[in-house]
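Enquirer: This is start_22.csv (CSV, C-alpha atoms).
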chain,number,residue,atom,x,y,z
A,18,MET,CA,6.8,-26.7,-10.6
A,19,PRO,CA,7.7,-23.3,-9.2
A,20,GLY,CA,5.3,-21.1,-7.3
A,21,HIS,CA,2.8,-22.1,-4.6
A,22,LEU,CA,-0.7,-23.4,-4.6
A,23,THR,CA,-2.1,-20.7,-2.3
A,24,PRO,CA,-1.3,-17.1,-1.7
A,25,ALA,CA,-0.6,-17.8,2.0
A,26,ALA,CA,2.1,-20.3,1.1
A,27,ALA,CA,3.8,-17.9,-1.3
A,28,ILE,CA,3.7,-15.2,1.4
A,29,ALA,CA,5.1,-17.5,4.1
A,30,ALA,CA,8.0,-18.4,1.8
A,31,ASN,CA,8.8,-14.7,0.9
A,32,PRO,CA,7.1,-12.4,3.5
A,33,PRO,CA,6.5,-8.8,2.7
A,34,PRO,CA,8.3,-5.9,4.5
A,35,ARG,CA,6.5,-4.6,7.6
A,36,GLY,CA,5.5,-1.1,8.4
A,37,ALA,CA,3.0,1.0,10.3
A,38,ARG,CA,1.4,2.6,7.2
A,39,VAL,CA,0.8,0.0,4.5
A,40,ARG,CA,-0.8,0.5,1.1
A,41,ILE,CA,-1.7,-2.5,-1.1
A,42,ALA,CA,-2.3,-2.0,-4.9
A,43,ILE,CA,-4.9,-4.4,-6.2
A,44,PRO,CA,-6.2,-4.9,-9.8
A,45,ASP,CA,-9.7,-3.9,-11.0
A,46,GLY,CA,-12.2,-6.4,-12.4
A,47,THR,CA,-10.6,-6.7,-15.8
A,48,ARG,CA,-7.9,-9.0,-14.3
A,49,PRO,CA,-8.7,-12.6,-13.3
A,50,VAL,CA,-7.2,-12.4,-9.8
A,51,ASP,CA,-8.7,-13.9,-6.6
A,52,VAL,CA,-8.2,-10.6,-4.8
A,53,PRO,CA,-10.2,-11.5,-1.6
A,54,ALA,CA,-8.0,-14.6,-1.1
A,55,ALA,CA,-4.8,-12.6,-1.7
A,56,LEU,CA,-5.8,-9.9,0.8
A,57,GLN,CA,-6.9,-12.4,3.5
A,58,ALA,CA,-3.6,-14.1,3.2
A,59,LEU,CA,-1.8,-10.8,3.6
A,60,ARG,CA,-3.8,-9.8,6.7
A,61,PRO,CA,-1.5,-11.5,9.3
A,62,TRP,CA,1.6,-9.8,7.8
A,63,THR,CA,0.4,-6.2,7.5
A,64,GLY,CA,-1.8,-5.2,10.5
A,65,ASP,CA,-3.8,-2.2,9.5
A,66,ALA,CA,-3.6,-1.3,5.8
A,67,VAL,CA,-5.5,0.3,3.0
A,68,ALA,CA,-6.1,-1.4,-0.4
A,69,VAL,CA,-6.2,0.8,-3.5
A,70,VAL,CA,-7.9,-0.5,-6.7
A,71,GLY,CA,-5.5,0.1,-9.6
A,72,LEU,CA,-7.7,1.5,-12.4
A,73,GLY,CA,-5.1,3.1,-14.6
A,74,LEU,CA,-7.4,5.0,-17.0
A,75,HIS,CA,-10.3,2.5,-16.6
A,76,ARG,CA,-13.6,3.4,-15.2
A,77,PRO,CA,-14.2,3.2,-11.4
A,78,MET,CA,-15.7,-0.1,-10.2
A,79,ALA,CA,-19.3,0.0,-9.0
A,80,PRO,CA,-19.8,-0.8,-5.3
A,81,THR,CA,-21.3,-4.2,-6.3
A,82,GLU,CA,-18.2,-5.0,-8.4
A,83,LEU,CA,-15.6,-4.3,-5.6
A,84,PRO,CA,-13.9,-7.4,-4.1
A,85,GLY,CA,-14.4,-8.5,-0.6
A,86,SER,CA,-11.6,-7.1,1.6
A,87,PRO,CA,-10.4,-7.2,5.2
A,88,TYR,CA,-9.0,-3.7,4.6
A,89,PRO,CA,-10.7,-0.4,3.7
A,90,LEU,CA,-10.9,0.0,-0.1
A,91,LEU,CA,-10.1,3.1,-2.1
A,92,GLN,CA,-10.1,3.6,-5.9
A,93,HIS,CA,-7.4,5.2,-7.9
A,94,ASP,CA,-7.9,8.6,-9.5
A,95,PRO,CA,-5.3,9.3,-12.2
A,96,ASP,CA,-5.8,13.1,-11.7
A,97,ASP,CA,-5.2,13.0,-7.9
A,98,THR,CA,-1.5,12.0,-7.7
A,99,ILE,CA,1.9,12.9,-6.3
A,100,PRO,CA,5.1,13.1,-8.3
A,101,THR,CA,7.9,10.5,-8.0
A,102,ARG,CA,10.7,11.0,-10.5
A,103,THR,CA,11.3,11.1,-14.2
A,104,VAL,CA,12.1,7.7,-15.8
A,105,ASP,CA,13.5,7.7,-19.4
A,106,GLY,CA,11.7,11.0,-20.1
A,107,ILE,CA,8.4,9.8,-18.5
A,108,PRO,CA,7.2,12.0,-15.7
A,109,GLY,CA,6.6,9.6,-12.8
A,110,GLY,CA,3.5,10.0,-10.7
A,111,VAL,CA,1.4,7.8,-8.5
A,112,SER,CA,-1.9,7.9,-6.5
A,113,ARG,CA,-2.0,10.4,-3.6
A,114,THR,CA,-3.2,7.5,-1.5
A,115,LEU,CA,0.4,6.3,-1.4
A,116,ALA,CA,1.7,9.5,0.2
A,117,GLY,CA,3.5,8.8,3.5
A,118,ALA,CA,3.2,5.0,3.2
A,119,ASP,CA,6.0,3.1,4.9
A,120,VAL,CA,5.4,0.0,2.8
A,121,ILE,CA,3.8,-0.3,-0.6
A,122,LEU,CA,2.7,-3.8,-1.8
A,123,GLY,CA,1.2,-5.0,-5.1
A,124,VAL,CA,-1.2,-7.8,-6.0
A,125,GLY,CA,-1.6,-8.8,-9.6
A,126,ILE,CA,-1.5,-11.4,-12.3
A,127,VAL,CA,1.3,-12.4,-14.7
A,128,GLU,CA,-0.1,-13.0,-18.1
A,129,LEU,CA,0.7,-12.1,-21.7
A,130,HIS,CA,0.8,-8.3,-22.3
A,131,GLN,CA,0.9,-6.4,-25.6
A,132,TYR,CA,3.6,-4.0,-24.6
A,133,ALA,CA,5.2,-5.1,-21.3
A,134,GLY,CA,5.7,-8.6,-22.5
A,135,PHE,CA,3.9,-9.9,-19.4
A,136,SER,CA,1.7,-8.0,-17.0
A,137,GLY,CA,2.5,-8.2,-13.3
A,138,GLY,CA,5.4,-7.0,-11.1
A,139,HIS,CA,5.8,-3.3,-11.0
A,140,LYS,CA,2.9,-2.7,-13.3
A,141,ALA,CA,0.5,-2.9,-10.3
A,142,VAL,CA,1.6,0.6,-9.2
A,143,ALA,CA,3.5,2.1,-12.2
A,144,VAL,CA,0.3,1.9,-14.4
A,145,GLY,CA,-2.5,0.7,-12.1
A,146,LEU,CA,-1.9,3.6,-9.7
A,147,GLY,CA,-0.1,5.9,-12.3
A,148,ALA,CA,-0.7,9.5,-12.9
A,149,ARG,CA,-2.5,10.4,-16.1
A,150,ALA,CA,0.6,12.2,-17.5
A,151,THR,CA,2.7,9.1,-16.6
A,152,ILE,CA,0.3,6.7,-18.4
A,153,ASP,CA,0.0,9.0,-21.4
A,154,ALA,CA,3.8,9.3,-21.8
A,155,LEU,CA,4.4,5.6,-21.3
A,156,HIS,CA,1.9,4.7,-24.0
A,157,HIS,CA,3.1,7.1,-26.6
A,158,ARG,CA,3.1,5.7,-30.1
A,159,ASP,CA,6.9,5.7,-30.4
A,160,ARG,CA,7.1,3.6,-27.1
A,161,VAL,CA,4.5,1.0,-27.9
A,162,THR,CA,5.9,0.4,-31.4
A,163,ALA,CA,9.6,0.4,-30.4
A,164,PRO,CA,11.9,-2.5,-31.2
A,165,GLY,CA,11.7,-5.2,-28.5
A,166,VAL,CA,8.1,-4.2,-27.4
A,167,VAL,CA,6.6,-7.6,-28.2
A,168,LEU,CA,4.0,-9.8,-26.6
A,169,GLY,CA,5.7,-12.3,-24.3
A,170,ASN,CA,9.1,-10.6,-24.4
A,171,LEU,CA,10.9,-9.4,-21.2
A,172,ASP,CA,14.4,-9.1,-22.5
A,173,GLY,CA,15.5,-5.9,-24.3
A,174,ASN,CA,11.9,-4.6,-23.9
A,175,PRO,CA,12.1,-0.8,-23.3
A,176,PHE,CA,8.5,-0.6,-22.3
A,177,ARG,CA,9.0,-3.2,-19.6
A,178,GLU,CA,12.2,-1.4,-18.5
A,179,ALA,CA,10.3,1.9,-18.1
A,180,VAL,CA,7.5,0.2,-16.1
A,181,ASP,CA,10.0,-1.3,-13.8
A,182,GLY,CA,11.8,2.0,-13.4
A,183,LEU,CA,8.5,3.8,-12.6
A,184,GLY,CA,7.7,1.1,-10.1
A,185,ASP,CA,11.1,1.6,-8.4
A,186,ALA,CA,10.4,5.3,-8.3
A,187,SER,CA,7.1,4.7,-6.5
A,188,GLY,CA,8.7,2.7,-3.7
A,189,LEU,CA,7.1,-0.6,-4.6
A,190,ALA,CA,9.4,-3.3,-3.3
A,191,TRP,CA,7.2,-6.5,-3.0
A,192,VAL,CA,4.4,-8.1,-4.9
A,193,LEU,CA,2.1,-11.1,-4.8
A,194,ASN,CA,1.3,-12.4,-8.3
A,195,VAL,CA,-0.6,-15.3,-9.6
A,196,ALA,CA,0.3,-17.1,-12.9
A,197,GLY,CA,-1.5,-20.1,-14.2
A,198,GLY,CA,-3.1,-20.8,-10.9
A,199,ARG,CA,0.1,-20.7,-8.9
A,200,TRP,CA,1.3,-17.8,-6.6
A,201,PHE,CA,4.6,-16.0,-6.4
A,202,ALA,CA,5.8,-13.4,-3.8
A,203,GLY,CA,8.8,-11.2,-3.4
A,204,GLU,CA,10.8,-8.6,-5.3
A,205,PRO,CA,8.8,-7.5,-8.3
A,206,ARG,CA,11.4,-8.2,-11.1
A,207,ARG,CA,12.2,-11.7,-9.7
A,208,VAL,CA,8.5,-12.6,-9.2
A,209,LEU,CA,7.7,-11.5,-12.7
A,210,ARG,CA,10.5,-13.6,-14.3
A,211,GLU,CA,9.7,-16.7,-12.2
A,212,ALA,CA,6.0,-16.5,-12.8
A,213,ALA,CA,6.4,-15.8,-16.6
A,214,ALA,CA,8.8,-18.8,-16.9
A,215,SER,CA,6.2,-21.0,-15.3
A,216,LEU,CA,3.6,-20.3,-17.9
A,217,ASP,CA,2.9,-22.4,-21.1
A,218,CYS,CA,1.6,-19.6,-23.3
A,219,TRP,CA,2.0,-21.0,-26.8
A,220,LEU,CA,0.5,-23.8,-28.9
A,221,ASP,CA,2.3,-24.6,-32.1
A,222,VAL,CA,0.1,-25.2,-35.1
A,223,PRO,CA,1.5,-26.5,-38.5
A,224,VAL,CA,-0.7,-24.5,-41.0
A,225,ALA,CA,-1.7,-20.9,-41.2
A,226,ALA,CA,-5.4,-20.4,-41.0
A,227,ARG,CA,-7.7,-18.1,-43.2
A,228,ALA,CA,-9.9,-17.4,-40.2
A,229,ALA,CA,-9.8,-17.5,-36.4
A,230,VAL,CA,-12.5,-17.3,-33.7
A,231,LEU,CA,-11.3,-15.7,-30.5
A,232,LEU,CA,-13.5,-16.5,-27.5
A,233,VAL,CA,-13.0,-13.5,-25.2
A,234,PRO,CA,-13.6,-14.2,-21.4
A,235,PRO,CA,-16.5,-12.2,-19.8
A,236,ARG,CA,-14.2,-9.9,-17.8
A,237,LYS,CA,-12.4,-8.9,-21.0
A,238,ALA,CA,-15.6,-8.8,-23.1
A,239,VAL,CA,-17.1,-6.0,-21.2
A,240,ASN,CA,-16.1,-3.5,-23.9
A,241,PHE,CA,-14.4,-3.4,-27.2
A,242,TYR,CA,-11.3,-1.7,-25.8
A,243,GLN,CA,-10.5,-4.7,-23.6
A,244,ALA,CA,-11.8,-7.3,-26.0
A,245,SER,CA,-9.8,-6.1,-28.9
A,246,ARG,CA,-6.6,-7.1,-27.1
A,247,ALA,CA,-7.4,-10.7,-28.0
A,248,ALA,CA,-7.2,-9.9,-31.7
A,249,THR,CA,-4.0,-7.8,-31.5
A,250,TYR,CA,-2.4,-10.4,-29.2
A,251,LEU,CA,-2.8,-13.0,-31.9
A,252,GLY,CA,-2.3,-11.0,-35.0
A,253,LEU,CA,0.7,-9.0,-33.8
A,254,SER,CA,2.5,-11.9,-32.1
A,255,ALA,CA,5.9,-12.9,-33.4
A,256,ARG,CA,4.5,-15.9,-35.4
A,257,PRO,CA,0.8,-15.5,-36.0
A,258,PRO,CA,-0.8,-18.7,-37.5
A,259,LEU,CA,-2.7,-16.6,-40.1
A,260,VAL,CA,-2.5,-16.1,-43.8
A,261,ASP,CA,-2.4,-12.5,-45.1
A,262,GLY,CA,-5.9,-11.2,-45.3
A,263,ALA,CA,-7.3,-13.7,-42.7
A,264,THR,CA,-10.4,-12.7,-40.8
A,265,LEU,CA,-10.4,-12.5,-37.0
A,266,TYR,CA,-13.8,-13.2,-35.5
A,267,LEU,CA,-13.9,-11.7,-32.0
A,268,ASP,CA,-16.6,-13.2,-29.8
A,269,ALA,CA,-17.3,-10.5,-27.3
A,270,ALA,CA,-20.6,-9.1,-25.9
A,271,CYS,CA,-19.2,-5.6,-25.3
A,272,PRO,CA,-22.2,-4.4,-23.2
A,273,GLU,CA,-20.3,-1.1,-22.5
A,274,GLY,CA,-19.7,-0.5,-26.2
A,275,MET,CA,-16.2,0.9,-26.8
A,276,GLY,CA,-15.6,1.4,-23.0
A,277,GLU,CA,-16.5,3.9,-20.3
A,278,GLY,CA,-13.1,4.8,-18.7
A,279,SER,CA,-11.3,8.0,-19.7
A,280,GLY,CA,-8.7,5.9,-21.7
A,281,GLU,CA,-11.5,4.0,-23.4
A,282,ARG,CA,-13.3,7.3,-24.2
A,283,ALA,CA,-10.2,8.8,-25.7
A,284,PHE,CA,-9.8,5.6,-27.8
A,285,ALA,CA,-13.4,5.8,-29.0
A,286,ALA,CA,-13.3,9.5,-29.8
A,287,LEU,CA,-10.2,8.9,-32.0
A,288,ALA,CA,-11.8,5.8,-33.6
A,289,GLN,CA,-14.7,8.0,-34.7
A,290,GLN,CA,-12.5,10.9,-35.9
A,291,VAL,CA,-10.1,8.8,-38.0
A,292,PRO,CA,-11.5,6.9,-41.0
A,293,TYR,CA,-11.6,3.1,-40.5
A,294,PRO,CA,-9.3,1.1,-40.7
A,295,TRP,CA,-7.5,4.0,-38.9
A,296,ALA,CA,-4.2,3.8,-40.9
A,297,ASP,CA,-3.8,7.6,-40.4
A,298,VAL,CA,-2.8,7.0,-36.7
A,299,LEU,CA,0.3,5.2,-37.9
A,300,THR,CA,1.8,8.3,-39.6
A,301,GLY,CA,2.1,12.0,-38.9
A,302,ALA,CA,1.6,13.5,-35.4
A,303,PRO,CA,1.2,10.7,-32.8
A,304,PRO,CA,-2.3,10.6,-31.2
A,305,GLU,CA,-2.4,12.1,-27.7
A,306,GLY,CA,-3.7,10.6,-24.5
A,307,GLY,CA,-3.5,7.2,-22.8
A,308,GLY,CA,-5.9,4.8,-24.4
A,309,THR,CA,-5.3,6.0,-28.0
A,310,GLN,CA,-2.4,3.5,-28.2
A,311,ARG,CA,-5.0,0.7,-28.6
A,312,LEU,CA,-6.1,2.3,-31.9
A,313,VAL,CA,-2.4,2.2,-33.0
A,314,MET,CA,-2.3,-1.5,-32.4
A,315,LEU,CA,-5.6,-2.1,-34.2
A,316,ALA,CA,-4.5,0.0,-37.1
A,317,GLN,CA,-1.4,-2.2,-37.4
A,318,LEU,CA,-3.5,-5.3,-37.2
A,319,LEU,CA,-5.9,-4.1,-39.9
A,320,GLN,CA,-3.1,-3.6,-42.4
A,321,ARG,CA,-2.9,-7.4,-42.7
A,322,TYR,CA,-6.2,-8.8,-41.4
A,323,ARG,CA,-9.9,-8.2,-41.3
A,324,LEU,CA,-11.8,-7.9,-38.0
A,325,VAL,CA,-15.4,-8.9,-37.2
A,326,VAL,CA,-17.1,-8.8,-33.8
A,327,GLY,CA,-19.7,-11.4,-33.0
A,328,GLY,CA,-22.0,-12.0,-30.1
A,329,CYS,CA,-22.2,-8.3,-29.6
A,330,VAL,CA,-25.1,-7.1,-27.4
A,331,ASN,CA,-24.4,-3.4,-28.0
A,332,PRO,CA,-23.1,-3.1,-31.6
A,333,ALA,CA,-24.1,0.5,-32.3
A,334,PRO,CA,-21.1,2.2,-30.7
A,335,LEU,CA,-18.7,-0.1,-32.5
A,336,ARG,CA,-20.5,0.4,-35.9
A,337,ALA,CA,-20.2,4.2,-35.3
A,338,CYS,CA,-16.4,3.7,-35.5
A,339,GLY,CA,-16.6,1.6,-38.6
A,340,ILE,CA,-16.2,-1.8,-36.9
A,341,GLU,CA,-18.2,-4.7,-38.3
A,342,ALA,CA,-20.2,-5.9,-35.3
A,343,HIS,CA,-23.0,-8.5,-35.2
A,344,ALA,CA,-25.4,-10.0,-32.6
A,345,ALA,CA,-24.8,-13.5,-34.0
A,346,PRO,CA,-22.0,-15.5,-32.3
A,347,ALA,CA,-18.6,-15.4,-33.9
A,348,ALA,CA,-18.7,-19.1,-34.5
A,349,ALA,CA,-21.9,-18.7,-36.6
A,350,LEU,CA,-20.2,-16.0,-38.7
A,351,ALA,CA,-16.9,-17.8,-39.2
A,352,PRO,CA,-16.1,-20.6,-41.8
A,353,ALA,CA,-16.2,-24.1,-40.5
A,354,ASP,CA,-12.5,-24.5,-40.7
A,355,ALA,CA,-11.7,-21.4,-38.6
A,356,LEU,CA,-9.0,-21.8,-36.0
A,357,VAL,CA,-10.6,-21.6,-32.5
A,358,VAL,CA,-8.7,-19.8,-29.8
A,359,ALA,CA,-10.3,-20.7,-26.5
A,360,ASP,CA,-7.9,-18.8,-24.2
A,361,PRO,CA,-6.6,-15.7,-26.2
A,362,PHE,CA,-5.1,-14.2,-23.0
A,363,GLY,CA,-3.5,-17.3,-21.7
A,364,LYS,CA,-2.5,-19.6,-24.5
A,365,LEU,CA,-2.1,-18.4,-28.1
A,366,PRO,CA,-1.5,-20.5,-31.2
A,367,ARG,CA,1.6,-19.7,-33.2
A,368,LEU,CA,3.0,-21.1,-36.5
A,369,GLY,CA,5.5,-23.7,-35.8
Starting from the file, give its structure as structure tokens.
Expert:
Amino acid sequence: MPGHLTPAAAIAANPPPRGARVRIAIPDGTRPVDVPAALQALRPWTGDAVAVVGLGLHRPMAPTELPGSPYPLLQHDPDDTIPTRTVDGIPGGVSRTLAGADVILGVGIVELHQYAGFSGGHKAVAVGLGARATIDALHHRDRVTAPGVVLGNLDGNPFREAVDGLGDASGLAWVLNVAGGRWFAGEPRRVLREAAASLDCWLDVPVAARAAVLLVPPRKAVNFYQASRAATYLGLSARPPLVDGATLYLDAACPEGMGEGSGERAFAALAQQVPYPWADVLTGAPPEGGGTQRLVMLAQLLQRYRLVVGGCVNPAPLRACGIEAHAAPAAALAPADALVVADPFGKLPRLG
């Protein structure tokens, strides 16, 4: 099996470039990465460095949420950035914390991603540490709905190509990524492809279901913005195992409601402004601002399927946007023959 069992082994096999001024992009708490282990493994190779939490447009992490680190930790501010270069019409920009860095490294996870095919690789900096204008332009409706922009697809995917180009423009040349419990290190494009190829992301099922229960892991269930990815990952995949009109029961606590980051707030504001099921965002003038692309995905989903949120501890913000949300667990709301998806971000059922 490719990859390595520990981050230290992956680094030893493909060491990072060295420099006097090193910056390391790391993911926030929405990504299941053992960041302390990754940073400890990097320590012998970097000397003094600074780690920067890649928030994109998510909210800053609270002090108690930050990972243990042998390096000083900073958090990304998408409004405090420096320009790089324009990539496919997208104005490149990255965190000012990278200014003057000799070496830029990235830590992340390779897993299914709605637009980029898989997360990981250059995404650590291109989006995680991206300028607001960069993230907004990258997630324009025309880009996230373009041909080839499909969950699990790296070939002929213009969104992924833009992410990689923006990563090149930032100076990111080496990443440490985990995929399925194994670690990969080296040039971002190579690491992404090797890690993605190592994953077993699909489970073939013979019959389309009339209902599905999606068990959202706690780090993704923190708000509806994050949790809703589980529903669109399944419903907008290439071969969803669902009959038309099927109901997706999302089991997610959503203690932060729709979400607290600037991208999530833009998403929530649009969800309140446009009548549910939000079909108006699919036509006419594209919605503006990073985060609103999540509503585009949900509007596409709701053209074919129904969505219900169960196990919700804070349903009021969701209901204010027209979403059916209940405190009862999703399993209690769904029919007994519902398809249960235990790992909607790691292994998805497909019709086959």
Enquirer: Would you give the centre and edge lengths, in Å to one decimal, of a box along x, y and z around the listed atoms of segment 122-133 of chain A, with 6 Å added to each side, as JSON?
Expert:
{"center_x": 1.8, "center_y": -8.4, "center_z": -13.7, "size_x": 18.8, "size_y": 21.2, "size_z": 35.8}
Enquirer: With a cut-off of 7 Å, could you pull out the residues of segment 251-312 of chain A touching segment 233-244 of chain A and give me the nearest pair of atoms for each, distance in Å to one decimal, using only C-alpha atoms, ordered by chain and ascending number, as CSV?
Expert:
residue,atom,partner,partner_atom,distance
A:Asp268,CA,A:Val233,CA,5.8
A:Ala269,CA,A:Ala238,CA,4.8
A:Ala270,CA,A:Ala238,CA,5.7
A:Cys271,CA,A:Asn240,CA,4.0
A:Pro272,CA,A:Val239,CA,5.7
A:Glu273,CA,A:Asn240,CA,5.0
A:Gly274,CA,A:Asn240,CA,5.2
A:Met275,CA,A:Phe241,CA,4.7
A:Gly276,CA,A:Asn240,CA,5.0
A:Glu281,CA,A:Tyr242,CA,6.2
Enquirer: Using only C-alpha atoms, find each residue in segment 148-198 of chain A having at least one atom no more than 12 Å away from segment 52-64 of chain A; report its shortest atom-to-atom pair and that distance in Å (one decimal), rows by chain then rising number, as CSV.
Expert:
residue,atom,partner,partner_atom,distance
A:Trp191,CA,A:Leu59,CA,12.0
A:Val192,CA,A:Ala55,CA,10.7
A:Leu193,CA,A:Ala55,CA,7.7
A:Asn194,CA,A:Ala55,CA,9.0
A:Val195,CA,A:Ala55,CA,9.3
Enquirer: Tell me which of A:Leu319, A:Val222, A:Val291, A:Leu312 sits closest to Gly262 of chain A, counting all atoms listed in the file.
Expert: A:Leu319
Enquirer: Residues within 12 Å of (-13.8, 5.7, -23.3), file coordinates, counting all atoms listed in the file: what are they? Give the list as a JSON list (two decimals) with C-alpha atoms, in the coordinates of the input.
Expert:
[["chain", "number", "residue", "atom", "x", "y", "z"],
["A", 74, "LEU", "CA", -7.40, 5.00, -17.00],
["A", 75, "HIS", "CA", -10.30, 2.50, -16.60],
["A", 76, "ARG", "CA", -13.60, 3.40, -15.20],
["A", 240, "ASN", "CA", -16.10, -3.50, -23.90],
["A", 241, "PHE", "CA", -14.40, -3.40, -27.20],
["A", 242, "TYR", "CA", -11.30, -1.70, -25.80],
["A", 243, "GLN", "CA", -10.50, -4.70, -23.60],
["A", 273, "GLU", "CA", -20.30, -1.10, -22.50],
["A", 274, "GLY", "CA", -19.70, -0.50, -26.20],
["A", 275, "MET", "CA", -16.20, 0.90, -26.80],
["A", 276, "GLY", "CA", -15.60, 1.40, -23.00],
["A", 277, "GLU", "CA", -16.50, 3.90, -20.30],
["A", 278, "GLY", "CA", -13.10, 4.80, -18.70],
["A", 279, "SER", "CA", -11.30, 8.00, -19.70],
["A", 280, "GLY", "CA", -8.70, 5.90, -21.70],
["A", 281, "GLU", "CA", -11.50, 4.00, -23.40],
["A", 282, "ARG", "CA", -13.30, 7.30, -24.20],
["A", 283, "ALA", "CA", -10.20, 8.80, -25.70],
["A", 284, "PHE", "CA", -9.80, 5.60, -27.80],
["A", 285, "ALA", "CA", -13.40, 5.80, -29.00],
["A", 286, "ALA", "CA", -13.30, 9.50, -29.80],
["A", 287, "LEU", "CA", -10.20, 8.90, -32.00],
["A", 288, "ALA", "CA", -11.80, 5.80, -33.60],
["A", 289, "GLN", "CA", -14.70, 8.00, -34.70],
["A", 306, "GLY", "CA", -3.70, 10.60, -24.50],
["A", 307, "GLY", "CA", -3.50, 7.20, -22.80],
["A", 308, "GLY", "CA", -5.90, 4.80, -24.40],
["A", 309, "THR", "CA", -5.30, 6.00, -28.00],
["A", 311, "ARG", "CA", -5.00, 0.70, -28.60],
["A", 334, "PRO", "CA", -21.10, 2.20, -30.70],
["A", 335, "LEU", "CA", -18.70, -0.10, -32.50]]
Enquirer: Find the distance between atom CA of Thr300 of chain A and atom CA of His156 of chain A and write it in Å to one decimal.
Expert: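 Computed distance, atom CA of Thr300 of chain A to atom CA of His156 of chain A, equals 16.0 Å.
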Enquirer: Which polymer residues, protein or nucleic acid, are no farther than 12 Å from (7.6, 0.1, -19.4), counting all atoms listed in the file, as JSON, numbers by chain?
Expert: {"A": [104, 105, 106, 107, 109, 130, 131, 132, 133, 134, 135, 136, 137, 138, 139, 140, 141, 142, 143, 144, 147, 151, 152, 153, 154, 155, 156, 157, 160, 161, 163, 165, 166, 167, 170, 171, 172, 173, 174, 175, 176, 177, 178, 179, 180, 181, 182, 183, 184, 185]}
Enquirer: Which value, in Å to one decimal, gives the distance between atom CA of Arg323 of chain A and atom CA of Gln290 of chain A?
Expert: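 So the answer is 20.0 Å.
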Enquirer: Ranking A:Leu220, A:Leu115, A:Val69, A:Leu365 by minimum distance to Ala248 of chain A and counting only C-alpha atoms, which one comes first?
Expert: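 The answer is A:Leu365, which sits nearest to Ala248 of chain A.
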Enquirer: Can you list, as a list in words, every protein, DNA or RNA residue that comes within 12 Å of Gly20 of chain A when you count only C-alpha atoms, leaving out same-chain residues fewer than 6 positions away?
Expert: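 Those residues are Ala26, Ala27, Ile28, Ala29, Ala30, Asn31, Leu193, Asn194, Val195, Ala196, Gly197, Gly198, Arg199, Trp200, Phe201, Ala202, Gly203, Arg207, Val208, Leu209, Arg210, Glu211, Ala212, Ala213, Ala214, Ser215 and Leu216 of chain A.
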Enquirer: With a cut-off of 8 Å, could you pull out the residues of segment 123-179 of chain A touching segment 37-49 of chain A and give me the nearest pair of atoms for each, distance in Å to one decimal, using all atoms listed in the file, ordered by chain and ascending number, as a Markdown table?
Expert:
| residue | atom | partner | partner_atom | distance |
| --- | --- | --- | --- | --- |
| A:Gly123 | CA | A:Ala42 | CA | 4.6 |
| A:Val124 | CA | A:Ile43 | CA | 5.0 |
| A:Gly125 | CA | A:Pro44 | CA | 6.0 |
| A:Ile126 | CA | A:Arg48 | CA | 7.1 |
| A:Ala141 | CA | A:Ala42 | CA | 6.1 |
| A:Val142 | CA | A:Ala42 | CA | 6.4 |
| A:Gly145 | CA | A:Pro44 | CA | 7.1 |
| A:Leu146 | CA | A:Ala42 | CA | 7.4 |
Enquirer: For the residues selected in the previous step, produce a file with C-alpha atoms as an mmCIF file, in the coordinates of the input.
Expert:
data_model
loop_
_atom_site.group_PDB
_atom_site.id
_atom_site.type_symbol
_atom_site.label_atom_id
_atom_site.label_comp_id
_atom_site.auth_asym_id
_atom_site.auth_seq_id
_atom_site.Cartn_x
_atom_site.Cartn_y
_atom_site.Cartn_z
ATOM 1 C CA GLY A 123 1.200 -5.000 -5.100
ATOM 2 C CA VAL A 124 -1.200 -7.800 -6.000
ATOM 3 C CA GLY A 125 -1.600 -8.800 -9.600
ATOM 4 C CA ILE A 126 -1.500 -11.400 -12.300
ATOM 5 C CA ALA A 141 0.500 -2.900 -10.300
ATOM 6 C CA VAL A 142 1.600 0.600 -9.200
ATOM 7 C CA GLY A 145 -2.500 0.700 -12.100
ATOM 8 C CA LEU A 146 -1.900 3.600 -9.700
#
Enquirer: Using all atoms listed in the file for the distances, tell me which of A:Leu122, A:Leu91, A:Ile340, A:Cys329 is nearest to Glu204 of chain A.
Expert: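 That would be A:Leu122, the residue with the smallest distance to Glu204 of chain A.
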Enquirer: Take atom CA of Pro352 of chain A and atom CA of Cys338 of chain A and report the distance between them in Å, one decimal.
Expert: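 Atom CA of Cys338 of chain A lies 25.1 Å from atom CA of Pro352 of chain A.
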Enquirer: Just want the 9 Å neighbourhood of Gly339 of chain A, counted on only C-alpha atoms, with same-chain residues fewer than 2 positions away dropped. Output as a short mmCIF file (atom, residue, chain, number, x, y, z; two decimals) with C-alpha atoms, keeping the file's coordinate frame.
Expert:
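Just written: part_26.cif:
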data_model
loop_
_atom_site.label_atom_id
_atom_site.label_comp_id
_atom_site.auth_asym_id
_atom_site.auth_seq_id
_atom_site.Cartn_x
_atom_site.Cartn_y
_atom_site.Cartn_z
CA ALA A 288 -11.80 5.80 -33.60
CA GLN A 289 -14.70 8.00 -34.70
CA PRO A 292 -11.50 6.90 -41.00
CA TYR A 293 -11.60 3.10 -40.50
CA PRO A 294 -9.30 1.10 -40.70
CA LEU A 335 -18.70 -0.10 -32.50
CA ARG A 336 -20.50 0.40 -35.90
CA ALA A 337 -20.20 4.20 -35.30
CA GLU A 341 -18.20 -4.70 -38.30
CA ALA A 342 -20.20 -5.90 -35.30
#
Enquirer: Counting all atoms listed in the file, figure out which residue out of A:Leu265, A:Ala150, A:Ala353, A:Val358 gets nearest to Glu305 of chain A.
Expert: A:Ala150
Enquirer: Counting all atoms listed in the file, what is within 6 Å of segment 251-259 of chain A, bar same-chain residues fewer than 3 positions away, as a list in words?
Expert: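 Everything that qualifies: Ala225, Ala226, Ala248, Arg367 and Leu368 of chain A.
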